[in-house]
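Chemist: This is the structure, below, for whatever I ask next.
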Amino acid sequence: MKAGIIGMGRYLPEKIVTNADLEKVMDTSDEWIRTRTGIEERRIADDNTDTSDMAFAAAQNAIKDAGITPMDIDLILVATVTPDHPFPSVACVLQERLGAKKAAAMDVSAACAGFMYGIITGSQFIETGVYNNILVVGVEKLSKITDWNDRNTAVLFGDGAGAAIIAPVSDNRGILAFELGADGTGAKHLYQDEYIIMNGREVFKFAVRQMGESCVNVLNKAGLTNDDVDLLIPHQANIRIMEASRQRLELPVEKMSKTVQKYGNTSSASIPISIVEELEAGKIKDDDVIVMVGFGGGLTWGAIAIRWGR
Ligand code: UT7
């Protein structure tokens, strides 16, 4: 039994903060941010909107899109490093708000690779036949752990949520192969003390190497080549890192999803947000082969090759 994605939803805060807005409050420039990261603007949640509120909105959209009800959900996995509280988990808050009374619930902590970890963790329960419908959410309110006096990090991040329903799908569709990995020796390069602390250059080098390698690995495991790939959806951290993975797969520009210019780096939410963007643009069709790849603090990484459709 193969697990696949049968519904998607997202939520983005309304407030847009442009590079020009940041120029007014810190020593930076639109030119620097654009050329070094590809980011033009990002969404920032207001004080009354916490992580669980964004997760709830995205989850409702995914449930509707999948054509199921909250009572059909067996497990809720929320990938986040910015929960409302250390506990209860965001997943438990969601369980109550959705009325998903039959669902088990827990959060997954794998930073920007969190959505990859969540999808693969959930898919094990589907493929063993234990559960039928699993809600996986990638959500971050990074603005609350961003040091707005640190231009090295403040210009990079944004808030948002993306959600998927995973379930058994027909024979040729669903998750074809995956790779998850971690290297705790790199923990010092990206972590939260009070705020996000990052050694940008080290994370950059790691990301460029790992994203390309993981993409190649999942294609090999799935018995596919780069010619089979219809769309690459990399974690939207920095256009230069994303470009490196696209070039490693020798894909044309139009075969890579790019939303970083509009939303910045939304960590675990960036891949599901991009999936919804591509679905709405008609760029994902049934039976397309999609490669998703993420990396983040931990250090962690994950890649999935999936044949789209129910
Ligand atoms: O989801 C995972 C999260 N993390 C990442 O994805 C981060 C990965 N790393 C990166 O994306 C890049 O390393 C950055 C975008 C963070 C930085 O780009 P870079 O090309 O590696 O720049 P740099 O760190 O080498 O810094 C170049 C210069 C420095 O000035 P000096 O020392 O050369 O005089 C910085 O102080 O740019 C300066 N700088 C800025 N200038 C204007 C750093 N941040 C800014 C800023 N505005 N916001």
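The chains in the structure tokens are called A, B, ... from first to last as shown; in each chain the residues are counted from 1, and the ligands are counted from 1 in the order shown.
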Name the residues of segment 75-189 of chain A that come out as strand (DSSP E or B) in a backbone DSSP run; write them as a VMD selection string.
Modeler: chain A and resid 75 to 79 104 to 108 134 to 141 157 159 to 169 174 to 182
Chemist: Give the residue list for ligand 1 at 6 Å, counting only C-alpha atoms and all ligand atoms, as a list in words, sorted by chain and then by residue number.
Modeler: Thr28, Ser29, Trp32, Arg36, Thr37, Cys112, Arg151, Asn152, Val155, Gly200, Arg201, Val203, Phe204, Ala237, Asn238, Ser267 and Gly296 of chain A
Chemist: Using N, CA and C atoms, can you write the selected residues to a file as an mmCIF file, in the first residue's frame?
Modeler:
```cif
data_model
loop_
_atom_site.group_PDB
_atom_site.id
_atom_site.type_symbol
_atom_site.label_atom_id
_atom_site.label_comp_id
_atom_site.auth_asym_id
_atom_site.auth_seq_id
_atom_site.Cartn_x
_atom_site.Cartn_y
_atom_site.Cartn_z
ATOM 1 N N THR A 28 20.408 47.677 5.918
ATOM 2 C CA THR A 28 20.383 46.697 4.833
ATOM 3 C C THR A 28 19.881 47.394 3.575
ATOM 4 N N SER A 29 19.832 46.659 2.466
ATOM 5 C CA SER A 29 19.312 47.261 1.240
ATOM 6 C C SER A 29 18.542 46.214 0.443
ATOM 7 N N TRP A 32 20.934 44.235 -1.699
ATOM 8 C CA TRP A 32 21.673 43.163 -1.022
ATOM 9 C C TRP A 32 20.762 41.943 -0.830
ATOM 10 N N ARG A 36 21.531 38.438 -2.789
ATOM 11 C CA ARG A 36 22.086 37.356 -1.960
ATOM 12 C C ARG A 36 21.093 36.253 -1.652
ATOM 13 N N THR A 37 19.770 36.588 -1.695
ATOM 14 C CA THR A 37 18.779 35.592 -1.241
ATOM 15 C C THR A 37 17.622 35.365 -2.221
ATOM 16 N N CYS A 112 13.785 23.196 9.290
ATOM 17 C CA CYS A 112 13.294 23.408 7.920
ATOM 18 C C CYS A 112 13.059 22.104 7.166
ATOM 19 N N ARG A 151 20.811 41.891 11.268
ATOM 20 C CA ARG A 151 20.490 41.928 9.835
ATOM 21 C C ARG A 151 20.887 40.633 9.121
ATOM 22 N N ASN A 152 21.813 39.867 9.736
ATOM 23 C CA ASN A 152 22.233 38.599 9.120
ATOM 24 C C ASN A 152 21.089 37.589 9.028
ATOM 25 N N VAL A 155 16.410 39.506 7.757
ATOM 26 C CA VAL A 155 15.889 39.731 6.402
ATOM 27 C C VAL A 155 15.426 38.426 5.735
ATOM 28 N N GLY A 200 25.716 31.761 8.569
ATOM 29 C CA GLY A 200 25.144 31.678 7.226
ATOM 30 C C GLY A 200 26.011 30.944 6.225
ATOM 31 N N ARG A 201 27.320 31.239 6.264
ATOM 32 C CA ARG A 201 28.202 30.622 5.261
ATOM 33 C C ARG A 201 28.293 29.115 5.414
ATOM 34 N N VAL A 203 26.028 27.114 6.828
ATOM 35 C CA VAL A 203 24.739 26.512 6.461
ATOM 36 C C VAL A 203 24.600 26.498 4.937
ATOM 37 N N PHE A 204 25.061 27.554 4.323
ATOM 38 C CA PHE A 204 25.000 27.661 2.863
ATOM 39 C C PHE A 204 25.780 26.511 2.201
ATOM 40 N N ALA A 237 14.800 28.606 0.913
ATOM 41 C CA ALA A 237 15.659 29.325 1.860
ATOM 42 C C ALA A 237 16.363 30.483 1.184
ATOM 43 N N ASN A 238 16.872 30.210 0.002
ATOM 44 C CA ASN A 238 17.733 31.174 -0.675
ATOM 45 C C ASN A 238 17.809 30.734 -2.131
ATOM 46 N N SER A 267 10.703 28.169 6.751
ATOM 47 C CA SER A 267 11.141 26.923 7.392
ATOM 48 C C SER A 267 10.250 25.742 6.974
ATOM 49 N N GLY A 296 17.868 21.872 7.129
ATOM 50 C CA GLY A 296 17.707 22.885 8.160
ATOM 51 C C GLY A 296 18.534 22.624 9.401
#
```
Chemist: Residues of segment 24-122 of chain A within 9 Å of segment 269-280 of chain A: nearest atom pair and distance (Å, one decimal) for each, counting only C-alpha atoms, sorted by chain and number, as JSON lines?
Modeler:
```
{"residue": "A:Ala79", "atom": "CA", "partner": "A:Ala269", "partner_atom": "CA", "distance": 8.3}
{"residue": "A:Thr80", "atom": "CA", "partner": "A:Ala269", "partner_atom": "CA", "distance": 8.4}
{"residue": "A:Cys112", "atom": "CA", "partner": "A:Ala269", "partner_atom": "CA", "distance": 7.8}
{"residue": "A:Gly114", "atom": "CA", "partner": "A:Ala269", "partner_atom": "CA", "distance": 8.4}
{"residue": "A:Phe115", "atom": "CA", "partner": "A:Ala269", "partner_atom": "CA", "distance": 7.1}
{"residue": "A:Met116", "atom": "CA", "partner": "A:Ile271", "partner_atom": "CA", "distance": 8.6}
```
Chemist: Restricting the calculation to only C-alpha atoms, which member of A:Arg248, A:Lys141, A:Lys283, A:Arg307 is positioned closest to Asn265 of chain A?
Modeler: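 Going through A:Arg248, A:Lys141, A:Lys283, A:Arg307 one by one, the smallest distance to Asn265 of chain A is for A:Lys141.
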Chemist: What's the 7 Å shell around Ala305 of chain A, counting only C-alpha atoms, without same-chain residues fewer than 6 positions away, as a list in words?
Modeler: Ile175, Leu176, Ala177, Phe178, Val218, Leu219, Val289, Ile290, Val291 and Met292 of chain A
Chemist: Convert the current residue selection to file output with N, CA and C atoms, as a compact mmCIF listing (two decimals), in the first residue's frame.
Modeler:
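Output below, filename again-v9.txt:
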```txt
# COMPACT_ATOMS: atom_id res chain seq x y z
N ILE A 175 4.30 8.03 -2.68
CA ILE A 175 5.73 8.20 -2.38
C ILE A 175 6.53 7.05 -2.99
N LEU A 176 7.48 7.41 -3.84
CA LEU A 176 8.28 6.41 -4.56
C LEU A 176 9.57 6.10 -3.81
N ALA A 177 10.13 7.11 -3.19
CA ALA A 177 11.38 6.94 -2.45
C ALA A 177 11.60 8.15 -1.56
N PHE A 178 12.39 7.93 -0.50
CA PHE A 178 12.71 9.06 0.37
C PHE A 178 14.11 8.91 0.95
N VAL A 218 17.33 10.12 -3.99
CA VAL A 218 15.94 9.64 -4.06
C VAL A 218 15.58 9.21 -5.49
N LEU A 219 16.13 9.90 -6.46
CA LEU A 219 15.86 9.46 -7.85
C LEU A 219 16.45 8.08 -8.09
N VAL A 289 5.89 13.47 -11.67
CA VAL A 289 6.89 13.11 -10.67
C VAL A 289 7.45 14.39 -10.04
N ILE A 290 7.26 14.49 -8.73
CA ILE A 290 7.69 15.68 -7.99
C ILE A 290 8.82 15.26 -7.04
N VAL A 291 9.87 16.05 -7.02
CA VAL A 291 10.93 15.84 -6.02
C VAL A 291 10.91 17.02 -5.06
N MET A 292 10.76 16.70 -3.76
CA MET A 292 10.80 17.75 -2.73
C MET A 292 12.06 17.54 -1.92
```
Chemist: Going by DSSP on the backbone, which bits of segment 131-282 of chain A are alpha helix (DSSP H)? Write them as number ranges by chain, please.
Modeler: A: 151-154, 200-222, 239-248, 260-263, 270-280
Chemist: Counting only C-alpha atoms, figure out which residue out of A:Ala281, A:Leu94, A:Ala207, A:Cys215 gets nearest to Leu249 of chain A.
Modeler: A:Cys215
Chemist: Name all residues at most 12 Å from Ala167 of chain A (count only C-alpha atoms; drop same-chain ones fewer than 2 positions away) and give them as a PyMOL selection string.
Modeler: chain A and resi 1-7+63+66-68+72-75+119-120+122-136+164-165+169-170+173-175+309-310
Chemist: Set the distance at 10 Å and use only C-alpha atoms: which residues neighbour Pro83 of chain A once local chain neighbours fewer than 5 positions away are removed? I'd like the list as a ChimeraX atom specification.
Modeler: /A:50-52,78,88-91,107,109,139-142
Chemist: If you keep N, CA and C atoms, can you produce a file of those selected residues as a compact mmCIF listing (two decimals), in the first residue's frame?
Modeler:
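That gives us again-v9.txt:
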```txt
# COMPACT_ATOMS: atom_id res chain seq x y z
N ASP A 50 -1.02 33.15 16.50
CA ASP A 50 0.13 32.32 16.87
C ASP A 50 0.23 31.14 15.90
N THR A 51 1.22 30.29 16.14
CA THR A 51 1.50 29.17 15.25
C THR A 51 0.26 28.27 15.06
N SER A 52 -0.43 27.98 16.16
CA SER A 52 -1.59 27.07 16.05
C SER A 52 -2.72 27.69 15.23
N VAL A 78 2.58 17.77 13.48
CA VAL A 78 2.86 19.18 13.18
C VAL A 78 4.37 19.41 13.24
N PRO A 88 1.22 22.02 25.80
CA PRO A 88 0.90 20.94 24.87
C PRO A 88 1.41 21.24 23.45
N SER A 89 1.52 20.19 22.67
CA SER A 89 1.97 20.34 21.29
C SER A 89 0.95 21.14 20.47
N VAL A 90 1.43 21.71 19.39
CA VAL A 90 0.52 22.38 18.44
C VAL A 90 -0.46 21.34 17.89
N ALA A 91 0.02 20.11 17.72
CA ALA A 91 -0.84 19.04 17.20
C ALA A 91 -2.04 18.80 18.11
N ASP A 107 3.99 16.79 17.85
CA ASP A 107 4.82 17.68 17.02
C ASP A 107 6.11 16.97 16.61
N SER A 109 10.09 17.87 15.48
CA SER A 109 11.07 18.95 15.49
C SER A 109 12.25 18.60 14.58
N VAL A 139 4.48 24.47 9.84
CA VAL A 139 4.02 25.81 10.25
C VAL A 139 5.09 26.50 11.08
N GLU A 140 5.28 27.78 10.83
CA GLU A 140 6.24 28.54 11.65
C GLU A 140 5.79 29.98 11.83
N LYS A 141 5.95 30.45 13.06
CA LYS A 141 5.90 31.89 13.31
C LYS A 141 7.33 32.30 13.69
N LEU A 142 8.18 32.36 12.67
CA LEU A 142 9.60 32.63 12.92
C LEU A 142 9.82 34.05 13.43
```
